[in-house]
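Chemist: I have a structure here, written as structure tokens, and I will follow up with some questions on it.
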Amino acid sequence: MTAAGDELPPLSIPITRTLIVAGAVASRDYQDVHHDSELAKEKGSPDIFMNILTTNGLVGRYITDCFGERAVLRKVAIRLGAPNYPGDTMVLCGTVVSVEGDRAEVRVVGANSIGNHVTGTVTVTVPEDGS
Amino acid sequence: MSGEVVTGRGTSGGVVSEEFYGRLKAYEGRAAATAGTGKDLVNEPMIRHWCEAVGDANPAYTGPDAIAPPTMLQAWTMGGLSGHLDRSAAHDELFALLDGAGYTSVAATDCEQEYLRPLRPGDRITFDAVIESVSELKTTKLGTGHFVTTRMEVRADGEPAGTHRFRILKYAPAAKGKPKGKPSGERPRPVINRDNAGFWDGVAEHRLLIQRCAGCGTLRFPWLPGCAACGSPEWDTVAASGKGTVYSYVVMHHPPFPAFDPPYAVGLIELAEGVRVLSNVVGVPYDKVRIGMPVRLEFLRVDNEWELPVFKGADGGAD
């Protein structure tokens, strides 16, 4: 297990149009701003942008990628900031805030070229060996 | 999207906005959804599609003992293309009230989930949600509106499976200068007089002409009636070779102007001959223009009547 203050290895996610659309559809989110650039522009956005469910899924993936397949997500709390537009890259970084037994709390930040797309806190447990 | 939120006041007067906010606040604590049912049982195909989309190769999500990625919690409650059937009258009234006041756009800002038990294929999802809070009027980068927070209890086969707190901003989009896209309107016309007509005659022939003092030979640009070095009013011209470098530049974002499509780079170009010319740097993204970048003269047709000298950047120094 890790210790408070540990930095998780960063994960770089290319924000492709395909990722945005596939994530929106896989999360059953058919808001046009997540798949139709014309309608997104009409609503004042420069392009389509990633929906919050996909961001949530990416944050969860980042944590379980780092902590291994036995890690269990307990809480994921995220706040969105700068939108993820196609062509950008988001780099997820994590810092272990606290560790109590098999439970760790991790501060996650995902930054793109505009700013912080997502900031949040994830609580994860990793069972001891043999459990 | 919630960045730099500041408390705002309604533009239609404090009394009116306070009365309106009172009506919104009355929805706090009321049900947003009652006895909602997930449209699909938790199932392998939706899990796989999700994992493919977000690139999640965690083996816990495949095989006979597969669980669903916990972060899919909300996905099982989504209405999809056929929409939500389980929203409460209170939820619909609140949203109609906000829509009616001009807060027609929606942006999700926060999602807080707690997972109480894993979801497995075959689980039947049910849920109840409550309108937890409606914020005062806030002004954000997106526009002015009210944050609406709902809290959903999700069950799987009747057992508590997780909680999902979700915050959205219902807002009136901030006024944009214009939708991005093709600029409308013509470029402003130069004022042509006897002191600079020769320059514009040159442009029409695709030549960028620099004045040369007939007295001392000093080159000058822009065109002027006399030489700043020796005062001589006599001059002739030399045609620029077209080679230059970016001496300095700015990127124009604001204010928008009808004939232009910001952001764009305006460069002060030092020509090989030594004089400097102000014009657009084209052919490279506006944010890739750099001091010292080699550029080459081109003539850009900006509308039916006008061509203008501009400078094409050699991205990566390839020239």
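Each chain in the structure tokens gets a letter, A, B, ..., in the order shown, and its residues are numbered from 1; ligands are numbered from 1 in order too.
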If DSSP is run on the backbone, what residues of chain A are alpha helix (DSSP H)? A reply as a ChimeraX atom specification would be ideal.
Modeler: /A:17-26,37-42,52-67
Chemist: Using only C-alpha atoms, I'd like every residue of chain A that has an atom within 8 Å of chain B; please write them out as a PyMOL selection string.
Modeler: chain A and resi 19+22-23+26-30+41-44+46+51-54+56-58+60-61+64-65+69-70+73-83
Chemist: Please save N, CA and C atoms of the selected residues as a compact mmCIF listing (two decimals), in the first residue's frame.
Modeler:
```txt
# COMPACT_ATOMS: atom_id res chain seq x y z
N LEU A 19 -13.45 9.50 -28.41
CA LEU A 19 -13.59 9.26 -26.98
C LEU A 19 -14.79 10.01 -26.41
N ALA A 22 -17.99 8.27 -27.83
CA ALA A 22 -18.14 6.91 -27.30
C ALA A 22 -18.47 6.95 -25.82
N GLY A 23 -17.84 7.85 -25.09
CA GLY A 23 -18.10 7.96 -23.66
C GLY A 23 -19.53 8.43 -23.39
N ALA A 26 -21.87 5.48 -24.36
CA ALA A 26 -21.74 4.37 -23.40
C ALA A 26 -22.37 4.73 -22.06
N SER A 27 -22.42 6.02 -21.75
CA SER A 27 -23.07 6.42 -20.49
C SER A 27 -24.53 6.82 -20.72
N ARG A 28 -25.02 6.59 -21.93
CA ARG A 28 -26.42 6.85 -22.29
C ARG A 28 -26.78 8.33 -22.16
N ASP A 29 -25.80 9.18 -22.45
CA ASP A 29 -26.00 10.62 -22.37
C ASP A 29 -26.07 11.16 -23.80
N TYR A 30 -27.26 11.46 -24.25
CA TYR A 30 -27.45 11.90 -25.64
C TYR A 30 -27.64 13.41 -25.75
N LYS A 41 -22.06 24.40 -31.18
CA LYS A 41 -21.67 25.77 -31.52
C LYS A 41 -22.85 26.72 -31.39
N GLU A 42 -24.02 26.24 -31.80
CA GLU A 42 -25.20 27.09 -31.67
C GLU A 42 -25.45 27.47 -30.21
N LYS A 43 -25.03 26.58 -29.31
CA LYS A 43 -25.24 26.86 -27.89
C LYS A 43 -24.06 27.60 -27.28
N GLY A 44 -23.16 28.08 -28.13
CA GLY A 44 -22.09 28.94 -27.63
C GLY A 44 -20.82 28.22 -27.26
N PRO A 46 -17.39 26.14 -28.38
CA PRO A 46 -16.59 26.07 -29.61
C PRO A 46 -16.65 24.70 -30.28
N ASN A 51 -18.64 14.60 -21.52
CA ASN A 51 -19.66 14.67 -20.46
C ASN A 51 -19.07 14.23 -19.13
N ILE A 52 -19.77 14.57 -18.07
CA ILE A 52 -19.23 14.34 -16.72
C ILE A 52 -19.13 12.85 -16.42
N LEU A 53 -20.02 12.03 -17.02
CA LEU A 53 -19.95 10.60 -16.71
C LEU A 53 -18.67 9.98 -17.26
N THR A 54 -18.25 10.42 -18.45
CA THR A 54 -16.99 9.91 -19.01
C THR A 54 -15.81 10.33 -18.14
N ASN A 56 -15.90 10.93 -15.02
CA ASN A 56 -16.00 10.09 -13.83
C ASN A 56 -15.39 8.71 -14.09
N GLY A 57 -15.72 8.13 -15.25
CA GLY A 57 -15.18 6.82 -15.61
C GLY A 57 -13.67 6.84 -15.77
N LEU A 58 -13.15 7.93 -16.35
CA LEU A 58 -11.70 8.04 -16.53
C LEU A 58 -10.98 8.18 -15.19
N GLY A 60 -12.09 7.00 -12.32
CA GLY A 60 -12.14 5.67 -11.69
C GLY A 60 -11.11 4.73 -12.29
N ARG A 61 -10.99 4.77 -13.61
CA ARG A 61 -10.01 3.93 -14.28
C ARG A 61 -8.59 4.29 -13.83
N THR A 64 -7.95 2.76 -10.36
CA THR A 64 -7.78 1.30 -10.32
C THR A 64 -6.57 0.87 -11.15
N ASP A 65 -6.24 1.61 -12.20
CA ASP A 65 -4.99 1.32 -12.94
C ASP A 65 -3.80 1.45 -11.99
N GLU A 69 -5.84 -4.37 -9.79
CA GLU A 69 -7.18 -4.88 -10.04
C GLU A 69 -7.94 -5.25 -8.77
N ARG A 70 -7.24 -5.39 -7.64
CA ARG A 70 -7.95 -5.73 -6.41
C ARG A 70 -8.47 -4.49 -5.71
N LEU A 73 -13.22 0.78 -5.60
CA LEU A 73 -13.61 2.19 -5.47
C LEU A 73 -14.73 2.31 -4.45
N ARG A 74 -14.57 3.22 -3.50
CA ARG A 74 -15.60 3.43 -2.47
C ARG A 74 -16.34 4.74 -2.68
N LYS A 75 -15.57 5.78 -3.01
CA LYS A 75 -16.20 7.10 -3.25
C LYS A 75 -15.44 7.79 -4.37
N VAL A 76 -16.18 8.43 -5.24
CA VAL A 76 -15.57 9.29 -6.26
C VAL A 76 -16.36 10.61 -6.25
N ALA A 77 -15.66 11.68 -5.94
CA ALA A 77 -16.31 13.00 -5.93
C ALA A 77 -15.51 13.92 -6.83
N ILE A 78 -16.14 14.40 -7.88
CA ILE A 78 -15.41 15.23 -8.85
C ILE A 78 -16.13 16.54 -9.10
N ARG A 79 -15.34 17.53 -9.48
CA ARG A 79 -15.88 18.83 -9.92
C ARG A 79 -15.25 19.15 -11.27
N LEU A 80 -16.09 19.59 -12.19
CA LEU A 80 -15.58 19.92 -13.52
C LEU A 80 -15.21 21.40 -13.60
N GLY A 81 -14.17 21.66 -14.38
CA GLY A 81 -13.76 23.04 -14.66
C GLY A 81 -13.67 23.25 -16.16
N ALA A 82 -12.47 23.37 -16.67
CA ALA A 82 -12.25 23.62 -18.11
C ALA A 82 -12.74 22.42 -18.92
N PRO A 83 -13.58 22.66 -19.92
CA PRO A 83 -14.12 21.54 -20.71
C PRO A 83 -13.03 20.78 -21.47
```
Chemist: Within 10 Å of A:Val97, counting only C-alpha atoms, which residues show up once you throw out same-chain ones fewer than 5 positions away? Write them as a ChimeraX atom specification, please.
Modeler: /A:3-7,104-108,121-123
Chemist: May I have the residues within 12 Å of B:Asn304 as a ChimeraX atom specification, using only C-alpha atoms and disregarding those fewer than 4 positions away in the same chain?
Modeler: /B:185-187,300,308
Chemist: Compile the contact shell of A:Thr16 as a list in words: residues with an atom at most 9 Å away, counting only C-alpha atoms, same-chain residues fewer than 4 positions apart removed.
Modeler: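 Here the answer would be Ile20, Val21, Tyr85, Pro86, Gly87, Asp88 and Thr89 of chain A.
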Chemist: Put those residues in a file: C-alpha atoms, as a JSON list (two decimals), in the first residue's frame.
Modeler:
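Once everything was written out, this is result-v3.json:
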```json
[["chain", "number", "residue", "atom", "x", "y", "z"],
["A", 20, "ILE", "CA", -16.06, 12.06, -26.29],
["A", 21, "VAL", "CA", -18.81, 10.49, -28.40],
["A", 85, "TYR", "CA", -12.66, 19.60, -26.23],
["A", 86, "PRO", "CA", -11.51, 17.37, -29.12],
["A", 87, "GLY", "CA", -7.83, 17.63, -29.94],
["A", 88, "ASP", "CA", -6.77, 18.41, -26.40],
["A", 89, "THR", "CA", -4.94, 16.13, -24.00]]
```
Chemist: List as a tab-separated table (two decimals) with all heavy atoms, in the first residue's frame the protein and nucleic acid residues near B:Asp157, meaning an atom at most 8 Å away when only C-alpha atoms are counted, but skip any in the same chain fewer than 2 places from it.
Modeler:
```
chain	number	residue	atom	x	y	z
B	123	ASP	N	-28.51	-7.43	-11.99
B	123	ASP	CA	-29.08	-6.57	-10.95
B	123	ASP	C	-30.12	-5.63	-11.56
B	123	ASP	O	-29.88	-5.02	-12.61
B	123	ASP	CB	-27.98	-5.73	-10.27
B	123	ASP	CG	-27.15	-6.54	-9.29
B	123	ASP	OD1	-27.59	-7.63	-8.90
B	123	ASP	OD2	-26.05	-6.06	-8.95
B	124	ARG	N	-31.23	-5.49	-10.85
B	124	ARG	CA	-32.26	-4.54	-11.28
B	124	ARG	C	-32.08	-3.25	-10.48
B	124	ARG	O	-32.07	-3.28	-9.25
B	124	ARG	CB	-33.66	-5.11	-11.05
B	124	ARG	CG	-34.79	-4.13	-11.41
B	124	ARG	CD	-36.15	-4.79	-11.29
B	124	ARG	NE	-36.29	-5.91	-12.24
B	124	ARG	CZ	-36.57	-5.77	-13.54
B	124	ARG	NH1	-36.75	-4.56	-14.05
B	124	ARG	NH2	-36.66	-6.82	-14.31
B	125	ILE	N	-31.93	-2.16	-11.20
B	125	ILE	CA	-31.63	-0.88	-10.57
B	125	ILE	C	-32.92	-0.10	-10.33
B	125	ILE	O	-33.74	0.05	-11.25
B	125	ILE	CB	-30.69	-0.04	-11.47
B	125	ILE	CG1	-29.37	-0.76	-11.69
B	125	ILE	CG2	-30.46	1.35	-10.88
B	125	ILE	CD1	-28.58	-1.02	-10.44
B	126	THR	N	-33.09	0.38	-9.12
B	126	THR	CA	-34.18	1.31	-8.82
B	126	THR	C	-33.57	2.49	-8.07
B	126	THR	O	-32.49	2.38	-7.50
B	126	THR	CB	-35.28	0.66	-7.96
B	126	THR	OG1	-34.68	0.08	-6.81
B	126	THR	CG2	-36.04	-0.40	-8.74
B	155	ARG	N	-30.56	1.62	-5.69
B	155	ARG	CA	-30.66	0.27	-5.13
B	155	ARG	C	-30.48	-0.76	-6.23
B	155	ARG	O	-30.79	-0.51	-7.40
B	155	ARG	CB	-32.03	0.07	-4.45
B	155	ARG	CG	-32.23	0.90	-3.18
B	155	ARG	CD	-33.64	0.72	-2.61
B	155	ARG	NE	-34.66	1.09	-3.60
B	155	ARG	CZ	-35.07	2.33	-3.81
B	155	ARG	NH1	-34.59	3.33	-3.09
B	155	ARG	NH2	-35.97	2.58	-4.73
B	159	GLU	N	-31.61	-3.64	-2.62
B	159	GLU	CA	-30.62	-3.32	-1.58
B	159	GLU	C	-29.93	-2.00	-1.91
B	159	GLU	O	-29.64	-1.75	-3.08
B	159	GLU	CB	-29.50	-4.38	-1.56
B	159	GLU	CG	-29.87	-5.74	-1.14
B	159	GLU	CD	-28.67	-6.67	-1.34
B	159	GLU	OE1	-27.51	-6.20	-1.17
B	159	GLU	OE2	-28.89	-7.84	-1.68
```
Chemist: List the spatial neighbours of stretch 210-226 of chain B as a ChimeraX atom specification - criterion: any atom at most 7 Å away, only C-alpha atoms, same-chain residues fewer than 4 positions off excluded.
Modeler: /B:195-196,230-240,275-276
Chemist: From the DSSP assignment of the backbone, select every residue of stretch 34-80 of chain A that is strand (DSSP E), and format the answer as a VMD selection string.
Modeler: chain A and resid 72 to 80
Chemist: Emit the selected residues as a compact mmCIF listing (two decimals), in the first residue's frame, including C-alpha atoms.
Modeler:
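Contents of selection.txt, as written:
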```
# COMPACT_ATOMS: atom_id res chain seq x y z
CA VAL A 72 -12.22 -1.27 -4.86
CA LEU A 73 -13.61 2.19 -5.47
CA ARG A 74 -15.60 3.43 -2.47
CA LYS A 75 -16.20 7.10 -3.25
CA VAL A 76 -15.57 9.29 -6.26
CA ALA A 77 -16.31 13.00 -5.93
CA ILE A 78 -15.41 15.23 -8.85
CA ARG A 79 -15.88 18.83 -9.92
CA LEU A 80 -15.58 19.92 -13.52
```
Chemist: Between B:Gly145, B:Pro309, B:Gly63, B:Gly242, which has the minimum distance to B:Leu271 (counting only C-alpha atoms)?
Modeler: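 For B:Leu271, the nearest of the candidates is B:Gly242.
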Chemist: Work out how far atom CA of B:Pro190 is from atom CA of B:Val251, in Å to one decimal.
Modeler: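 If I compute the distance from atom CA of B:Val251 to atom CA of B:Pro190, I get 21.7 Å.
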